[in-house]
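S.K.: To be precise about what I am sending: the file is called entry08.cif and holds mmCIF, C-alpha atoms (C1' of nucleotides).
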data_coords
#
loop_
_atom_site.label_atom_id
_atom_site.label_comp_id
_atom_site.auth_asym_id
_atom_site.auth_seq_id
_atom_site.Cartn_x
_atom_site.Cartn_y
_atom_site.Cartn_z
CA MET A 23 41.35 0.25 17.01
CA ALA A 24 43.09 0.09 13.65
CA HIS A 25 42.66 -3.64 13.31
CA ALA A 26 38.91 -3.45 13.93
CA VAL A 27 38.22 -1.49 10.74
CA ASP A 28 39.05 -4.45 8.52
CA THR A 29 36.27 -6.55 9.98
CA LYS A 30 33.60 -3.92 10.56
CA GLU A 31 33.13 -2.77 7.01
CA PRO A 32 32.38 -6.20 5.49
CA LEU A 33 30.06 -7.04 8.38
CA SER A 34 27.71 -4.15 7.61
CA LYS A 35 27.57 -5.28 3.98
CA LEU A 36 26.88 -8.83 5.10
CA ARG A 37 24.08 -7.63 7.34
CA LEU A 38 22.66 -5.66 4.41
CA ARG A 39 22.64 -8.84 2.32
CA VAL A 40 20.83 -10.69 5.09
CA TRP A 41 18.25 -7.92 5.27
CA LEU A 42 17.67 -7.81 1.52
CA LYS A 43 17.26 -11.56 1.36
CA LEU A 44 14.95 -11.53 4.36
CA LEU A 45 12.88 -8.84 2.69
CA ARG A 46 12.72 -10.71 -0.60
CA ALA A 47 11.73 -13.99 1.01
CA THR A 48 9.09 -12.42 3.22
CA HIS A 49 7.55 -10.38 0.44
CA ALA A 50 7.52 -13.30 -1.97
CA LEU A 51 5.47 -15.40 0.41
CA GLU A 52 3.30 -12.48 1.48
CA ASP A 53 2.50 -11.62 -2.13
CA ASP A 54 1.65 -15.25 -2.73
CA ILE A 55 -0.78 -15.18 0.20
CA ARG A 56 -2.36 -11.96 -1.08
CA ARG A 57 -2.82 -13.49 -4.50
CA ARG A 58 -4.41 -16.66 -3.15
CA LEU A 59 -6.72 -14.73 -0.83
CA ARG A 60 -7.86 -12.70 -3.80
CA ASP A 61 -8.11 -15.44 -6.43
CA GLU A 62 -9.33 -18.33 -4.28
CA HIS A 63 -11.29 -16.54 -1.56
CA ASN A 64 -12.21 -13.14 -2.94
CA THR A 65 -10.75 -11.21 -0.01
CA THR A 66 -7.59 -9.36 1.00
CA LEU A 67 -4.79 -9.73 3.54
CA PRO A 68 -5.81 -6.66 5.59
CA ARG A 69 -9.35 -8.03 5.87
CA PHE A 70 -7.92 -11.42 6.88
CA ASP A 71 -5.73 -9.81 9.54
CA VAL A 72 -8.66 -7.94 11.06
CA MET A 73 -10.79 -11.07 11.09
CA ALA A 74 -7.94 -13.05 12.67
CA ALA A 75 -7.65 -10.49 15.46
CA LEU A 76 -11.41 -10.58 16.08
CA ASP A 77 -11.48 -14.37 16.00
CA ARG A 78 -9.03 -14.43 18.91
CA PHE A 79 -11.35 -12.20 20.96
CA PRO A 80 -14.92 -13.50 20.75
CA LYS A 81 -16.17 -10.66 22.95
CA GLY A 82 -15.06 -8.17 20.34
CA LEU A 83 -12.48 -5.42 20.16
CA LYS A 84 -12.63 -1.67 20.10
CA MET A 85 -11.36 0.02 16.94
CA SER A 86 -8.26 1.26 18.71
CA GLU A 87 -7.57 -2.23 20.09
CA ILE A 88 -7.57 -3.63 16.56
CA SER A 89 -5.21 -0.97 15.25
CA GLY A 90 -2.98 -1.55 18.29
CA LEU A 91 -2.80 -5.30 17.76
CA LEU A 92 -2.16 -4.94 14.04
CA ARG A 93 0.17 -1.97 14.48
CA VAL A 94 -1.55 0.13 11.87
CA SER A 95 -3.21 3.52 12.04
CA ASN A 96 -6.68 4.11 13.39
CA GLY A 97 -8.01 5.56 10.17
CA ASN A 98 -6.91 2.47 8.35
CA ILE A 99 -9.08 0.19 10.48
CA THR A 100 -12.12 2.41 9.91
CA GLY A 101 -12.08 1.64 6.19
CA ILE A 102 -11.43 -2.07 6.50
CA VAL A 103 -14.11 -2.53 9.16
CA ASP A 104 -16.52 -0.54 6.96
CA ARG A 105 -16.00 -2.98 4.11
CA LEU A 106 -16.19 -6.09 6.30
CA ALA A 107 -19.42 -4.74 7.81
CA ASP A 108 -20.82 -4.21 4.30
CA GLU A 109 -20.09 -7.87 3.62
CA GLY A 110 -21.91 -8.88 6.80
CA LEU A 111 -18.82 -10.47 8.34
CA LEU A 112 -18.77 -8.29 11.44
CA VAL A 113 -20.91 -5.83 13.36
CA ARG A 114 -20.23 -2.68 15.36
CA VAL A 115 -21.99 -2.62 18.72
CA ALA A 116 -22.18 0.29 21.13
CA VAL A 117 -20.08 0.21 24.29
CA PRO A 118 -22.43 0.76 27.26
CA GLY A 119 -20.45 3.26 29.31
CA ASP A 120 -18.74 5.17 26.50
CA ARG A 121 -20.53 6.71 23.55
CA ARG A 122 -17.27 7.48 21.76
CA ALA A 123 -16.21 3.86 21.43
CA GLN A 124 -17.56 0.91 19.52
CA ARG A 125 -16.98 -2.79 19.96
CA VAL A 126 -16.50 -4.80 16.78
CA ARG A 127 -17.44 -8.48 16.69
CA LEU A 128 -17.46 -11.18 14.04
CA THR A 129 -20.92 -12.32 13.01
CA ASP A 130 -21.66 -16.05 12.82
CA LYS A 131 -21.13 -15.76 9.09
CA GLY A 132 -17.84 -13.99 9.72
CA ARG A 133 -16.67 -16.73 12.04
CA ASP A 134 -17.55 -19.42 9.50
CA VAL A 135 -15.84 -17.57 6.67
CA PHE A 136 -12.73 -17.01 8.77
CA ALA A 137 -12.51 -20.68 9.77
CA VAL A 138 -12.18 -21.57 6.09
CA LEU A 139 -9.63 -18.84 5.47
CA ALA A 140 -7.54 -19.77 8.51
CA LYS A 141 -7.36 -23.40 7.52
CA ALA A 142 -6.28 -22.54 3.98
CA HIS A 143 -3.78 -20.00 5.29
CA GLU A 144 -2.15 -22.46 7.64
CA GLY A 145 -1.80 -24.90 4.76
CA TRP A 146 -0.10 -22.33 2.52
CA ILE A 147 2.42 -21.50 5.24
CA ASP A 148 3.03 -25.14 5.97
CA ASP A 149 3.78 -25.74 2.28
CA ALA A 150 5.98 -22.68 1.93
CA LEU A 151 8.01 -23.48 5.05
CA GLY A 152 8.03 -27.19 4.34
CA ALA A 153 11.82 -27.14 4.25
CA LEU A 154 11.93 -26.34 7.97
CA ASP A 155 11.77 -29.27 10.35
CA ALA A 156 11.06 -28.79 14.06
CA ASP A 157 14.72 -28.14 14.89
CA ASP A 158 15.11 -25.62 12.07
CA ALA A 159 11.96 -23.84 13.16
CA GLY A 160 13.14 -23.68 16.74
CA ARG A 161 16.48 -22.20 15.74
CA MET A 162 14.76 -19.75 13.41
CA LEU A 163 12.44 -18.58 16.18
CA HIS A 164 15.40 -18.07 18.46
CA ARG A 165 17.38 -16.15 15.87
CA LEU A 166 14.39 -13.96 15.09
CA ASP A 167 13.98 -13.22 18.78
CA THR A 168 17.55 -11.98 18.88
CA LEU A 169 16.93 -9.88 15.80
CA VAL A 170 13.71 -8.37 17.09
CA LYS A 171 15.29 -7.46 20.40
CA GLY A 172 18.04 -5.66 18.56
CA ALA A 173 15.62 -3.74 16.36
CA SER A 174 12.96 -2.54 18.78
CA ASP A 175 11.70 -2.72 22.34
CA ALA A 176 7.97 -2.98 21.65
CA GLU A 177 6.12 -6.12 22.84
CA MET B 19 1.14 -43.90 9.37
CA ALA B 20 -0.69 -43.56 12.67
CA HIS B 21 2.38 -42.48 14.59
CA ALA B 22 3.17 -39.70 12.10
CA VAL B 23 0.00 -37.75 12.89
CA ASP B 24 1.17 -36.82 16.36
CA THR B 25 4.18 -34.95 15.02
CA LYS B 26 2.70 -33.41 11.87
CA GLU B 27 0.00 -31.31 13.47
CA PRO B 28 2.24 -29.38 15.89
CA LEU B 29 4.81 -28.82 13.15
CA SER B 30 2.40 -26.84 10.98
CA LYS B 31 1.54 -24.68 14.00
CA LEU B 32 5.23 -24.20 14.72
CA ARG B 33 5.84 -23.14 11.12
CA LEU B 34 2.94 -20.71 11.40
CA ARG B 35 4.57 -19.18 14.47
CA VAL B 36 7.86 -18.84 12.60
CA TRP B 37 6.06 -17.11 9.75
CA LEU B 38 4.17 -14.71 11.99
CA LYS B 39 7.34 -13.78 13.83
CA LEU B 40 9.24 -13.38 10.57
CA LEU B 41 6.47 -11.13 9.28
CA ARG B 42 6.42 -9.05 12.46
CA ALA B 43 10.18 -8.59 12.52
CA THR B 44 10.44 -7.73 8.84
CA HIS B 45 7.56 -5.26 8.94
CA ALA B 46 8.83 -3.59 12.09
CA LEU B 47 12.16 -2.80 10.49
CA GLU B 48 10.62 -1.93 7.15
CA ASP B 49 8.20 0.51 8.79
CA ASP B 50 11.11 2.03 10.65
CA ILE B 51 12.96 2.55 7.38
CA ARG B 52 9.87 4.11 5.78
CA ARG B 53 9.51 6.48 8.70
CA ARG B 54 13.16 7.55 8.62
CA LEU B 55 13.11 8.04 4.86
CA ARG B 56 10.09 10.26 5.28
CA ASP B 57 11.11 12.21 8.39
CA GLU B 58 14.85 12.53 7.81
CA HIS B 59 15.07 12.52 4.01
CA ASN B 60 11.67 13.55 2.72
CA THR B 61 11.27 10.56 0.43
CA THR B 62 9.66 7.11 0.36
CA LEU B 63 10.77 3.48 0.21
CA PRO B 64 9.41 2.88 -3.31
CA ARG B 65 11.35 5.91 -4.57
CA PHE B 66 14.45 4.63 -2.77
CA ASP B 67 14.05 1.19 -4.34
CA VAL B 68 13.77 2.62 -7.85
CA MET B 69 16.81 4.83 -7.32
CA ALA B 70 18.78 1.87 -5.93
CA ALA B 71 18.00 -0.16 -9.03
CA LEU B 72 19.04 2.71 -11.31
CA ASP B 73 22.22 3.31 -9.31
CA ARG B 74 23.30 -0.25 -10.04
CA PHE B 75 22.88 0.35 -13.79
CA PRO B 76 24.51 3.66 -14.77
CA LYS B 77 23.45 3.21 -18.39
CA GLY B 78 19.84 3.26 -17.31
CA LEU B 79 16.98 0.80 -17.33
CA LYS B 80 13.80 0.48 -19.33
CA MET B 81 10.54 0.83 -17.40
CA SER B 82 9.85 -2.88 -17.71
CA GLU B 83 13.36 -3.72 -16.49
CA ILE B 84 12.75 -1.71 -13.33
CA SER B 85 9.42 -3.38 -12.64
CA GLY B 86 11.04 -6.76 -13.31
CA LEU B 87 13.91 -6.15 -10.88
CA LEU B 88 11.60 -4.82 -8.18
CA ARG B 89 8.89 -7.42 -8.88
CA VAL B 90 6.11 -4.88 -9.04
CA SER B 91 3.62 -4.00 -11.75
CA ASN B 92 4.43 -1.84 -14.74
CA GLY B 93 1.82 0.75 -13.96
CA ASN B 94 3.29 1.16 -10.51
CA ILE B 95 6.68 2.18 -11.89
CA THR B 96 5.08 4.75 -14.19
CA GLY B 97 3.81 6.75 -11.23
CA ILE B 98 6.98 6.53 -9.16
CA VAL B 99 9.20 7.50 -12.09
CA ASP B 100 6.84 10.40 -12.84
CA ARG B 101 7.35 11.76 -9.34
CA LEU B 102 11.13 11.21 -9.32
CA ALA B 103 11.33 12.97 -12.67
CA ASP B 104 9.36 15.90 -11.26
CA GLU B 105 11.95 16.14 -8.51
CA GLY B 106 14.74 16.17 -11.08
CA LEU B 107 16.32 12.97 -9.76
CA LEU B 108 16.05 11.03 -13.00
CA VAL B 109 15.32 11.51 -16.69
CA ARG B 110 13.58 9.47 -19.36
CA VAL B 111 15.54 9.23 -22.59
CA ALA B 112 14.36 7.78 -25.88
CA VAL B 113 15.65 4.38 -26.94
CA PRO B 114 17.12 4.72 -30.47
CA GLY B 115 15.71 1.67 -32.20
CA ASP B 116 12.37 1.45 -30.40
CA ARG B 117 9.89 4.27 -30.04
CA ARG B 118 7.74 2.33 -27.58
CA ALA B 119 10.46 2.08 -24.95
CA GLN B 120 12.20 4.60 -22.75
CA ARG B 121 15.42 4.38 -20.83
CA VAL B 122 15.44 5.87 -17.35
CA ARG B 123 18.65 7.20 -15.85
CA LEU B 124 19.59 8.97 -12.63
CA THR B 125 20.64 12.57 -13.07
CA ASP B 126 23.81 13.81 -11.36
CA LYS B 127 21.59 15.24 -8.68
CA GLY B 128 19.83 11.90 -8.38
CA ARG B 129 23.13 10.07 -7.97
CA ASP B 130 24.24 12.51 -5.24
CA VAL B 131 20.94 12.25 -3.40
CA PHE B 132 20.99 8.47 -3.59
CA ALA B 133 24.54 8.27 -2.25
CA VAL B 134 23.37 10.01 0.91
CA LEU B 135 20.28 7.79 1.21
CA ALA B 136 22.24 4.58 0.63
CA LYS B 137 24.78 5.43 3.31
CA ALA B 138 22.07 6.24 5.84
CA HIS B 139 20.14 3.10 4.87
CA GLU B 140 23.13 0.83 5.36
CA GLY B 141 23.65 2.38 8.78
CA TRP B 142 20.05 1.73 9.83
CA ILE B 143 20.29 -1.92 8.80
CA ASP B 144 23.63 -2.31 10.50
CA ASP B 145 22.14 -0.97 13.72
CA ALA B 146 18.99 -3.06 13.49
CA LEU B 147 20.88 -6.29 12.77
CA GLY B 148 23.65 -5.42 15.21
CA ALA B 149 22.89 -8.57 17.17
CA LEU B 150 24.06 -10.72 14.25
CA ASP B 151 27.79 -11.42 14.05
CA ALA B 152 29.40 -12.80 10.89
CA ASP B 153 28.62 -16.42 11.82
CA ASP B 154 25.00 -15.64 12.64
CA ALA B 155 24.62 -13.75 9.39
CA GLY B 156 26.09 -16.63 7.40
CA ARG B 157 23.73 -19.13 9.01
CA MET B 158 20.79 -16.82 8.50
CA LEU B 159 21.60 -16.43 4.81
CA HIS B 160 21.82 -20.19 4.46
CA ARG B 161 18.54 -20.79 6.23
CA LEU B 162 16.80 -18.15 4.13
CA ASP B 163 18.14 -19.81 0.98
CA THR B 164 16.50 -23.04 2.06
CA LEU B 165 13.29 -21.22 2.81
CA VAL B 166 13.21 -19.35 -0.47
CA LYS B 167 13.89 -22.51 -2.49
CA GLY B 168 10.96 -24.15 -0.74
CA ALA B 169 8.62 -21.24 -1.43
CA SER B 170 9.33 -20.35 -5.06
CA ASP B 171 11.54 -21.05 -8.05
CA ALA B 172 12.13 -17.48 -9.25
CA GLU B 173 15.70 -16.15 -9.19
"C1'" DC C 28 -21.23 23.19 36.43
"C1'" DT C 29 -17.64 24.89 33.38
"C1'" DT C 30 -13.50 24.54 31.33
"C1'" DG C 31 -9.70 22.20 29.38
"C1'" DA C 32 -7.10 18.15 28.48
"C1'" DA C 33 -7.40 13.49 27.09
"C1'" DT C 34 -9.53 9.79 24.48
"C1'" DA C 35 -12.10 7.25 20.52
"C1'" DT C 36 -13.11 7.51 16.19
"C1'" DT C 37 -13.78 9.36 11.43
"C1'" DT C 38 -12.50 12.09 7.51
"C1'" DC C 39 -9.23 13.58 4.29
"C1'" DA C 40 -5.34 14.20 0.85
"C1'" DA C 41 -1.48 12.03 -0.90
"C1'" DG C 42 0.97 8.17 -2.22
"C1'" DC C 43 1.57 3.12 -3.23
"C1'" DT C 44 -0.18 -1.13 -5.44
"C1'" DT C 45 -2.62 -4.12 -8.44
"C1'" DG C 46 -4.83 -6.11 -12.63
"C1'" DA C 47 -7.37 -4.84 -16.55
"C1'" DA C 48 -7.98 -2.10 -20.43
"C1'" DG C 49 -6.17 1.06 -23.76
"C1'" DT C 50 -2.53 3.14 -27.04
"C1'" DA C 51 1.40 2.91 -29.70
"C1'" DT C 52 4.87 0.47 -31.86
"C1'" DC C 53 7.41 -3.43 -33.55
"C1'" DT C 54 7.99 -7.96 -35.85
"C1'" DA C 55 6.99 -11.94 -38.41
"C1'" DT C 56 4.52 -13.89 -42.02
"C1'" DC C 57 2.20 -14.01 -46.04
"C1'" DG D 9 2.99 -3.79 -47.70
"C1'" DA D 10 -1.00 -5.70 -45.12
"C1'" DT D 11 -2.08 -7.84 -41.00
"C1'" DA D 12 -1.96 -10.39 -36.78
"C1'" DG D 13 0.25 -11.07 -32.66
"C1'" DA D 14 3.67 -9.58 -29.37
"C1'" DT D 15 5.79 -5.96 -26.73
"C1'" DA D 16 6.38 -1.33 -24.03
"C1'" DC D 17 4.16 1.63 -21.71
"C1'" DT D 18 0.20 4.48 -19.65
"C1'" DT D 19 -4.27 5.06 -17.71
"C1'" DC D 20 -7.73 3.79 -14.62
"C1'" DA D 21 -10.67 2.19 -10.62
"C1'" DA D 22 -10.42 0.09 -6.33
"C1'" DG D 23 -8.27 -0.80 -2.17
"C1'" DC D 24 -4.60 -0.11 1.43
"C1'" DT D 25 -1.81 3.06 4.23
"C1'" DT D 26 -0.36 7.07 6.63
"C1'" DG D 27 -0.40 11.37 9.48
"C1'" DA D 28 -2.98 15.38 10.24
"C1'" DA D 29 -7.21 17.59 11.11
"C1'" DA D 30 -11.93 17.38 12.61
"C1'" DT D 31 -15.85 15.52 15.83
"C1'" DA D 32 -17.66 13.79 19.64
"C1'" DT D 33 -17.35 12.34 24.13
"C1'" DT D 34 -15.30 11.61 28.67
"C1'" DC D 35 -12.76 12.95 32.64
"C1'" DA D 36 -10.39 15.90 35.97
"C1'" DA D 37 -9.98 20.11 38.33
"C1'" DG D 38 -11.56 24.06 40.02
#
Kindly return the structure encoded in the file as structure tokens.
M.R.:
Amino acid sequence: MAHAVDTKEPLSKLRLRVWLKLLRATHALEDDIRRRLRDEHNTTLPRFDVMAALDRFPKGLKMSEISGLLRVSNGNITGIVDRLADEGLLVRVAVPGDRRAQRVRLTDKGRDVFAVLAKAHEGWIDDALGALDADDAGRMLHRLDTLVKGASDAE
Amino acid sequence: MAHAVDTKEPLSKLRLRVWLKLLRATHALEDDIRRRLRDEHNTTLPRFDVMAALDRFPKGLKMSEISGLLRVSNGNITGIVDRLADEGLLVRVAVPGDRRAQRVRLTDKGRDVFAVLAKAHEGWIDDALGALDADDAGRMLHRLDTLVKGASDAE
DNA sequence: CTTGAATATTTCAAGCTTGAAGTATCTATC
DNA sequence: GATAGATACTTCAAGCTTGAAATATTCAAG
């Protein structure tokens, strides 16, 4: 056991450096996306995320389904959906058998607006990750899978 | 040029998948850290980040130096430092030659509290990234360097 | 049918975050 | 030493986020 100590200590520091760099890189790009959404499209990342979820489900999603997909709290979604509804990008429709629930759907306007956002978004990512070729990307996906499995069991 | 189109389109989708997975993995661990800081140590990640910056500079940092290191706005730091000062974890001291500026330093209590937080934090990261051995970590650091260079020029 | 637990959602207080606007101070130039 | 611009910081409104508490509704026993 004595000879294991020499290698364990530096490894935890190395892992910490990986984490800090990962955090920096992710936040840098995320902040860039937030800034562009605001400056070029007059919207926010949370709004974009909700619209992206709804775009994947044309039949609509219940409030709790949105918060589940996005892994955020229920109360959070209430506010964001309120604002998107004010902008006419989505509507809340009653669920026939259950008066507690509501189904949220993109409007036609919402779908059009999101199509523009999604295209721009994909371009930003493509630029930012331009240094990754197909092989790099594949290896990165694999390494992230390993990392995610180690960190949590969800999904 | 015609034969390049076939490969370019899937690559941007692949990069998007890498980004979404990177975002998911990073946020999952970050949320976990926030939760543990709150539940086990009654503090927050922004407070931890400010204390970590100050711990690296025993002579203290000016408000603008903290916001520069953490890449957040100036007004943000004002509020967080206010709350940490209320808790007695740091103090603001006047800068001799400049009455506009203030130097912020951890108190002895602040240093003690941070030592506990930092140790716990390193343990959480070590657990979460436990799947990465030294070679994996080295490759990950290298790949992130490539990615960061592609995305921005800062630092 | 009534009661109680579970479910779906909203409301709320507290904190984080930003960019813009405001205050105070410093510095360079005349 | 007046003044114009730069610098350091705070204040503010708006939005995001959370967990806890409140509402309303459904469902499962009895």
S.K.: Just give me the gap between CA of Leu159 (chain B) and CA of Val40 (chain A) in Å, one decimal is fine.
M.R.: 5.8 Å
S.K.: Mind listing as a list of chain:residue names which residues of chain D are within 8 Å of chain A, counting only C-alpha atoms (C1' of nucleotides)?
M.R.: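 The answer, sorted by residue number, is D:DC24, D:DT25, D:DT26, D:DA32, D:DT33, D:DT34.
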S.K.: Quick one, how far is CA of Lys80 (chain B) from CA of His59 (chain B)?
M.R.: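 The value is 26.3 Å.
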S.K.: Which polymer residues have any atom within 12 Å of an atom of DA48 (chain C), counting only C-alpha atoms (C1' of nucleotides), with same-chain residues fewer than 2 positions away left out, as a count of residues only?
M.R.: 6
S.K.: How far is it from C1' of DA51 (chain C) to CA of Val111 (chain B), in Å with one decimal?
M.R.: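 Spanning C1' of DA51 (chain C) to CA of Val111 (chain B) is a straight-line distance of 17.0 Å.
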S.K.: Residues of chain A within 9 Å of chain B, counting all atoms listed in the file, what are they? List them as number ranges by chain.
M.R.: A: 33-41, 43-52, 144-145, 147-156, 158-160, 162-163, 165-174
S.K.: Any chance you could lay chain A over chain B, fitting all C-alpha atoms in order by least squares, and write the moved chain as a tab-separated table (two decimals) with C-alpha atoms, in the frame of the given file?
M.R.:
chain	number	residue	atom	x	y	z
A	23	MET	CA	1.09	-43.81	9.10
A	24	ALA	CA	-0.79	-43.52	12.37
A	25	HIS	CA	2.26	-42.48	14.33
A	26	ALA	CA	3.08	-39.66	11.91
A	27	VAL	CA	-0.08	-37.69	12.74
A	28	ASP	CA	1.15	-36.84	16.22
A	29	THR	CA	4.15	-34.96	14.90
A	30	LYS	CA	2.70	-33.36	11.79
A	31	GLU	CA	0.01	-31.28	13.40
A	32	PRO	CA	2.26	-29.40	15.85
A	33	LEU	CA	4.84	-28.82	13.12
A	34	SER	CA	2.43	-26.83	10.96
A	35	LYS	CA	1.56	-24.68	13.98
A	36	LEU	CA	5.25	-24.19	14.70
A	37	ARG	CA	5.86	-23.15	11.12
A	38	LEU	CA	2.97	-20.70	11.40
A	39	ARG	CA	4.59	-19.17	14.48
A	40	VAL	CA	7.88	-18.83	12.62
A	41	TRP	CA	6.08	-17.11	9.75
A	42	LEU	CA	4.19	-14.70	11.98
A	43	LYS	CA	7.34	-13.76	13.83
A	44	LEU	CA	9.25	-13.37	10.59
A	45	LEU	CA	6.50	-11.12	9.29
A	46	ARG	CA	6.43	-9.03	12.45
A	47	ALA	CA	10.19	-8.58	12.54
A	48	THR	CA	10.45	-7.71	8.87
A	49	HIS	CA	7.59	-5.24	8.95
A	50	ALA	CA	8.83	-3.57	12.11
A	51	LEU	CA	12.17	-2.79	10.53
A	52	GLU	CA	10.64	-1.91	7.17
A	53	ASP	CA	8.22	0.52	8.81
A	54	ASP	CA	11.13	2.04	10.68
A	55	ILE	CA	12.98	2.57	7.40
A	56	ARG	CA	9.89	4.13	5.81
A	57	ARG	CA	9.53	6.50	8.72
A	58	ARG	CA	13.17	7.57	8.64
A	59	LEU	CA	13.12	8.06	4.87
A	60	ARG	CA	10.11	10.28	5.28
A	61	ASP	CA	11.13	12.23	8.39
A	62	GLU	CA	14.87	12.54	7.80
A	63	HIS	CA	15.08	12.54	4.00
A	64	ASN	CA	11.68	13.57	2.72
A	65	THR	CA	11.28	10.56	0.44
A	66	THR	CA	9.68	7.12	0.38
A	67	LEU	CA	10.79	3.49	0.24
A	68	PRO	CA	9.42	2.87	-3.29
A	69	ARG	CA	11.34	5.90	-4.56
A	70	PHE	CA	14.46	4.63	-2.77
A	71	ASP	CA	14.07	1.19	-4.33
A	72	VAL	CA	13.78	2.62	-7.83
A	73	MET	CA	16.81	4.83	-7.30
A	74	ALA	CA	18.78	1.87	-5.92
A	75	ALA	CA	17.98	-0.17	-9.02
A	76	LEU	CA	19.03	2.70	-11.30
A	77	ASP	CA	22.20	3.32	-9.31
A	78	ARG	CA	23.30	-0.25	-10.05
A	79	PHE	CA	22.87	0.34	-13.79
A	80	PRO	CA	24.49	3.64	-14.78
A	81	LYS	CA	23.43	3.18	-18.40
A	82	GLY	CA	19.81	3.25	-17.33
A	83	LEU	CA	16.94	0.79	-17.34
A	84	LYS	CA	13.78	0.44	-19.32
A	85	MET	CA	10.52	0.78	-17.38
A	86	SER	CA	9.83	-2.92	-17.68
A	87	GLU	CA	13.35	-3.75	-16.46
A	88	ILE	CA	12.74	-1.73	-13.31
A	89	SER	CA	9.42	-3.41	-12.59
A	90	GLY	CA	11.06	-6.79	-13.26
A	91	LEU	CA	13.92	-6.16	-10.85
A	92	LEU	CA	11.61	-4.82	-8.16
A	93	ARG	CA	8.92	-7.42	-8.82
A	94	VAL	CA	6.13	-4.90	-8.99
A	95	SER	CA	3.65	-4.04	-11.71
A	96	ASN	CA	4.45	-1.89	-14.70
A	97	GLY	CA	1.82	0.70	-13.91
A	98	ASN	CA	3.31	1.14	-10.49
A	99	ILE	CA	6.70	2.17	-11.87
A	100	THR	CA	5.07	4.74	-14.17
A	101	GLY	CA	3.83	6.73	-11.19
A	102	ILE	CA	7.00	6.53	-9.14
A	103	VAL	CA	9.21	7.48	-12.09
A	104	ASP	CA	6.84	10.38	-12.83
A	105	ARG	CA	7.36	11.75	-9.33
A	106	LEU	CA	11.12	11.20	-9.32
A	107	ALA	CA	11.32	12.96	-12.69
A	108	ASP	CA	9.34	15.89	-11.26
A	109	GLU	CA	11.95	16.12	-8.52
A	110	GLY	CA	14.74	16.15	-11.10
A	111	LEU	CA	16.32	12.95	-9.78
A	112	LEU	CA	16.04	11.01	-13.02
A	113	VAL	CA	15.32	11.49	-16.70
A	114	ARG	CA	13.56	9.45	-19.37
A	115	VAL	CA	15.52	9.19	-22.61
A	116	ALA	CA	14.33	7.71	-25.88
A	117	VAL	CA	15.63	4.31	-26.95
A	118	PRO	CA	17.08	4.69	-30.47
A	119	GLY	CA	15.67	1.61	-32.18
A	120	ASP	CA	12.33	1.36	-30.37
A	121	ARG	CA	9.85	4.20	-30.05
A	122	ARG	CA	7.72	2.26	-27.57
A	123	ALA	CA	10.42	2.03	-24.92
A	124	GLN	CA	12.17	4.56	-22.75
A	125	ARG	CA	15.41	4.34	-20.84
A	126	VAL	CA	15.41	5.86	-17.36
A	127	ARG	CA	18.63	7.20	-15.86
A	128	LEU	CA	19.57	8.95	-12.64
A	129	THR	CA	20.62	12.56	-13.09
A	130	ASP	CA	23.80	13.79	-11.40
A	131	LYS	CA	21.57	15.23	-8.71
A	132	GLY	CA	19.81	11.89	-8.40
A	133	ARG	CA	23.10	10.07	-7.98
A	134	ASP	CA	24.23	12.49	-5.28
A	135	VAL	CA	20.93	12.26	-3.43
A	136	PHE	CA	20.98	8.47	-3.59
A	137	ALA	CA	24.54	8.27	-2.26
A	138	VAL	CA	23.37	10.01	0.90
A	139	LEU	CA	20.30	7.81	1.20
A	140	ALA	CA	22.26	4.60	0.64
A	141	LYS	CA	24.79	5.45	3.30
A	142	ALA	CA	22.08	6.25	5.84
A	143	HIS	CA	20.16	3.12	4.88
A	144	GLU	CA	23.14	0.86	5.37
A	145	GLY	CA	23.67	2.39	8.79
A	146	TRP	CA	20.07	1.76	9.86
A	147	ILE	CA	20.31	-1.89	8.83
A	148	ASP	CA	23.64	-2.29	10.53
A	149	ASP	CA	22.14	-0.93	13.76
A	150	ALA	CA	19.00	-3.02	13.52
A	151	LEU	CA	20.90	-6.24	12.82
A	152	GLY	CA	23.66	-5.39	15.24
A	153	ALA	CA	22.91	-8.55	17.20
A	154	LEU	CA	24.10	-10.68	14.27
A	155	ASP	CA	27.81	-11.38	14.08
A	156	ALA	CA	29.41	-12.77	10.91
A	157	ASP	CA	28.64	-16.38	11.85
A	158	ASP	CA	25.02	-15.59	12.68
A	159	ALA	CA	24.62	-13.73	9.42
A	160	GLY	CA	26.10	-16.60	7.46
A	161	ARG	CA	23.75	-19.11	9.07
A	162	MET	CA	20.81	-16.78	8.53
A	163	LEU	CA	21.64	-16.41	4.84
A	164	HIS	CA	21.84	-20.16	4.50
A	165	ARG	CA	18.56	-20.75	6.29
A	166	LEU	CA	16.84	-18.12	4.18
A	167	ASP	CA	18.16	-19.79	1.04
A	168	THR	CA	16.54	-23.02	2.14
A	169	LEU	CA	13.32	-21.19	2.85
A	170	VAL	CA	13.26	-19.34	-0.45
A	171	LYS	CA	13.90	-22.51	-2.40
A	172	GLY	CA	10.96	-24.12	-0.68
A	173	ALA	CA	8.65	-21.20	-1.39
A	174	SER	CA	9.34	-20.37	-5.02
A	175	ASP	CA	11.52	-21.13	-8.02
A	176	ALA	CA	12.04	-17.58	-9.29
A	177	GLU	CA	15.62	-16.21	-9.42
S.K.: For this structure, which residues satisfy the selection - the PyMOL selection byres ((chain C and resi 31) around 10) - when it is evaluated on the file as given? I want them as a list in words.
M.R.: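 Residues picked by the PyMOL selection byres ((chain C and resi 31) around 10): DT29, DT30, DA32 and DA33 of chain C; DA36 and DA37 of chain D.
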S.K.: Quick check on the file I pasted: which residues fall under the PyMOL selection byres ((chain C and resi 37) around 9)? Write them as a ChimeraX atom specification.
M.R.: /A:97,100 /C:36,38 /D:30-31
S.K.: Can you list what the PyMOL selection byres ((chain C and resi 39) around 9) grabs from this structure, as a PDB file with C-alpha atoms (C1' of nucleotides), in the coordinates of the input?
M.R.:
ATOM      1  C1'  DT C  38     -12.500  12.090   7.510  1.00  0.00           C
ATOM      2  C1'  DA C  40      -5.340  14.200   0.850  1.00  0.00           C
TER       3       DA C  40
ATOM      4  C1'  DA D  28      -2.980  15.380  10.240  1.00  0.00           C
ATOM      5  C1'  DA D  29      -7.210  17.590  11.110  1.00  0.00           C
TER       6       DA D  29
END
